[in-house]
Each structure stands twice: as C-alpha cells, then as structure tokens.
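See structure below.
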Amino acid sequence: MKEETRDVNLFLKKDFWHYLNLGGINYNQLSSPQLTFTPNTHSYTNGTEKRLIDDMSEAERSTYIATTIIIAFKDCTDIEGRRHKSILEDYYIKELTNQAVAIRYNLSDWQYKKAKRNALIEFAERFNFWRLKRDCPELPVLTYAETKRKPNNK
C-alpha cells in the first residue's frame with residue numbers, strides 16, 4: 001500500500017482543523033499547560049499497548065490521531081532565534097498575516113520567510129516521526145515543497 005503524501009503548508013491550512021474536529025480536540029487544549037503527551041515510562045510500544053491501539057473505537061482512534069498531531073506541533077522548537085512553534089501557531093492557529101507575524105518577532109521579510117520555511121520543515125519532520133512512533137498510518141507523510149520564485153521584471 002502506497003503512503004499518501006501531503007504538502008505541510010496545505011496540511012496545516014486545510015487538514016489540521018479537520019483532524020482536531022474529528023478527534024474532539026479544541027484549540028484551548030492545544031495551548032493548555034496541563035495537557036501532556038509525552039510518555040512517562042519507556043519509549044517503545046509493548047504488546048499490551050499495541051492491542052489497546054488496535055482495539056480503539058473510531059472515536060478513540062480519532063482522538064488519538066488528533067493528539068498525535070498536537071504532539072508534533074508542541075514538539076517544535078521554540079527558543080530565541082528559532083521560534084518555530086510560535087510562528088506556526090501565530091500563522092496557522094491564530095490566523096495572523098505573514099506581515100503581522102514578522103512584526104511580532106521583529107523579523108525582516110527575508111528573515112521571516114526563512115524562519116517560516118524552517119518551521120514548516122521542522123513540523124513536517126516531527127509530524128512524520130510521531131506518525132510512525134504512535135502508529136498512525138492513516139495520516140499522510142508530510143513534505144515541504146519549495147515555491148517557485150517569480151522572476152524579477154525589469
């Protein structure tokens with residue numbers, strides 16, 4: 001079976017909210033400090049955990065998938081000089097314009113485009129990791145597609 005691939009930008013614009021809605025997850029949970037997704041024990045899935053994942057109802061599975069997406073989102077870097085999670089949250093969740101996000105982080109147009117590109121690449125990589133780690137083959141493999149630059153008209 002061939003895995004579906006999806007551009008990370010399109011996924012965040014179109015599919016992100018769809019998966020959260022299907023899983024019964026809302027934006028407040030995305031920002032909530034009491035919601036933790038990291039395992040507190042070992043990092044591998046044992047047989048019992050695998051059976052529980054396989055035996056989930058459709059609703060439980062949808063919540064599990066939505067949680068997997070949030071884990072990937074929250075796992076993105078958010079330190080001085082690499083505000084990937086904040087940039088993605090401001091643009092895709094809070095729906096600020098590119099210009100507003102650039103101003104918020106005091107970035108020139110060029111710096112912002114580079115930072116957003118790096119944020120999208122990081123999210124795609126982390127998403128693909130968590131997709132495999134949490135056994136969610138129904139999620140697409142995310143890729144980052146470079147956009148073609150418009151030629152300078154002189």
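As shown in the structure tokens, the chain order sets the letters A, B, ...; within each chain, residues go from 1, and ligands are also counted from 1 in the order they appear.
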List the spatial neighbours of segment 67-69 of chain A as a list in words - criterion: any atom at most 9 Å away, only C-alpha atoms, same-chain residues fewer than 6 positions off excluded.
Phe16, Tyr19, Leu20, Gly23, Ile25, Phe37, Phe127, Trp130, Arg131, Arg134 and Cys136 of chain A
Store the residues of this selection in a file with all heavy atoms, as a tab-separated table (two decimals), in the first residue's frame.
chain	number	residue	atom	x	y	z
A	16	PHE	N	-5.46	20.21	9.24
A	16	PHE	CA	-5.18	20.33	10.67
A	16	PHE	C	-6.48	20.41	11.49
A	16	PHE	O	-6.72	19.60	12.38
A	16	PHE	CB	-4.29	21.56	10.91
A	16	PHE	CG	-3.94	21.79	12.34
A	16	PHE	CD1	-2.92	21.06	12.93
A	16	PHE	CD2	-4.60	22.75	13.09
A	16	PHE	CE1	-2.58	21.28	14.26
A	16	PHE	CE2	-4.26	22.98	14.40
A	16	PHE	CZ	-3.25	22.24	14.99
A	19	TYR	N	-8.76	17.23	11.37
A	19	TYR	CA	-8.36	16.14	12.27
A	19	TYR	C	-8.67	16.48	13.73
A	19	TYR	O	-9.10	15.62	14.50
A	19	TYR	CB	-6.88	15.82	12.12
A	19	TYR	CG	-6.56	14.98	10.91
A	19	TYR	CD1	-5.89	15.50	9.83
A	19	TYR	CD2	-6.93	13.63	10.86
A	19	TYR	CE1	-5.58	14.73	8.71
A	19	TYR	CE2	-6.63	12.85	9.75
A	19	TYR	CZ	-5.96	13.41	8.68
A	19	TYR	OH	-5.68	12.63	7.59
A	20	LEU	N	-8.46	17.74	14.12
A	20	LEU	CA	-8.77	18.12	15.50
A	20	LEU	C	-10.27	18.02	15.76
A	20	LEU	O	-10.69	17.55	16.82
A	20	LEU	CB	-8.27	19.54	15.81
A	20	LEU	CG	-6.76	19.75	15.81
A	20	LEU	CD1	-6.42	21.15	16.32
A	20	LEU	CD2	-6.03	18.71	16.63
A	23	GLY	N	-11.30	14.47	16.15
A	23	GLY	CA	-10.83	13.91	17.42
A	23	GLY	C	-11.41	14.56	18.65
A	23	GLY	O	-11.08	14.18	19.78
A	25	ILE	N	-10.82	17.50	19.74
A	25	ILE	CA	-9.81	18.32	20.39
A	25	ILE	C	-10.06	19.76	19.96
A	25	ILE	O	-10.36	20.02	18.81
A	25	ILE	CB	-8.39	17.90	19.94
A	25	ILE	CG1	-8.14	16.43	20.20
A	25	ILE	CG2	-7.32	18.77	20.56
A	25	ILE	CD1	-7.65	16.06	21.54
A	37	PHE	N	1.59	15.06	26.63
A	37	PHE	CA	1.51	13.96	25.69
A	37	PHE	C	2.74	13.07	25.72
A	37	PHE	O	2.81	12.10	25.00
A	37	PHE	CB	1.37	14.52	24.27
A	37	PHE	CG	0.16	15.37	24.11
A	37	PHE	CD1	0.28	16.73	23.90
A	37	PHE	CD2	-1.10	14.82	24.17
A	37	PHE	CE1	-0.84	17.51	23.75
A	37	PHE	CE2	-2.22	15.61	24.01
A	37	PHE	CZ	-2.09	16.95	23.81
A	127	PHE	N	6.26	15.72	12.66
A	127	PHE	CA	4.99	15.06	12.37
A	127	PHE	C	5.24	13.66	11.84
A	127	PHE	O	4.61	12.69	12.30
A	127	PHE	CB	4.22	15.89	11.35
A	127	PHE	CG	2.92	15.27	10.91
A	127	PHE	CD1	1.74	15.58	11.55
A	127	PHE	CD2	2.88	14.40	9.83
A	127	PHE	CE1	0.54	15.03	11.14
A	127	PHE	CE2	1.69	13.83	9.41
A	127	PHE	CZ	0.51	14.15	10.07
A	130	TRP	N	6.38	11.37	14.71
A	130	TRP	CA	5.30	10.98	15.64
A	130	TRP	C	4.25	10.12	14.94
A	130	TRP	O	3.64	9.26	15.57
A	130	TRP	CB	4.67	12.22	16.28
A	130	TRP	CG	5.58	12.79	17.33
A	130	TRP	CD1	6.30	13.94	17.26
A	130	TRP	CD2	5.89	12.20	18.60
A	130	TRP	NE1	7.04	14.10	18.41
A	130	TRP	CE2	6.81	13.05	19.25
A	130	TRP	CE3	5.49	11.04	19.25
A	130	TRP	CZ2	7.32	12.78	20.51
A	130	TRP	CZ3	6.01	10.76	20.51
A	130	TRP	CH2	6.91	11.63	21.12
A	131	ARG	N	4.04	10.32	13.66
A	131	ARG	CA	3.13	9.49	12.88
A	131	ARG	C	3.58	8.02	12.95
A	131	ARG	O	2.76	7.13	13.15
A	131	ARG	CB	3.13	10.00	11.43
A	131	ARG	CG	2.33	9.19	10.47
A	131	ARG	CD	2.56	9.70	9.04
A	131	ARG	NE	1.98	8.78	8.11
A	131	ARG	CZ	2.58	7.68	7.65
A	131	ARG	NH1	3.81	7.39	8.01
A	131	ARG	NH2	1.97	6.87	6.82
A	134	ARG	N	3.71	6.65	16.92
A	134	ARG	CA	2.40	6.37	17.51
A	134	ARG	C	1.52	5.53	16.59
A	134	ARG	O	0.33	5.37	16.84
A	134	ARG	CB	1.72	7.68	17.90
A	134	ARG	CG	2.44	8.34	19.08
A	134	ARG	CD	1.86	9.66	19.49
A	134	ARG	NE	0.43	9.69	19.67
A	134	ARG	CZ	-0.20	9.53	20.85
A	134	ARG	NH1	0.50	9.31	21.94
A	134	ARG	NH2	-1.51	9.62	20.92
A	136	CYS	N	0.29	5.70	13.31
A	136	CYS	CA	-0.86	6.36	12.68
A	136	CYS	C	-0.69	6.37	11.16
A	136	CYS	O	-0.52	7.44	10.55
A	136	CYS	CB	-0.99	7.80	13.20
A	136	CYS	SG	-1.33	7.91	14.96
Residue neighbourhood Trp17 of chain A, 12 Å, only C-alpha atoms, exclusion window fewer than 2 positions, as a PyMOL selection string
chain A and resi 10-15+19-27+30+66+69-70+92-93
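Of the residues under consideration (A:Ala59, A:Leu139, A:Ala100, A:Leu132), A:Ala100 shows the shortest atom-to-atom contact distance to Ile87 of chain A when counting only C-alpha atoms.
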I want to know what sits within 10 Å of Leu88 of chain A, based on only C-alpha atoms, with residues of the same chain fewer than 3 positions away left out; could you give that as a PyMOL selection string?
chain A and resi 12+73+76+83-85+91-96+101+115-116+119-120+123
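Here atom CA of Pro140 of chain A stands at a distance of 6.8 Å from atom CA of Glu3 of chain A.
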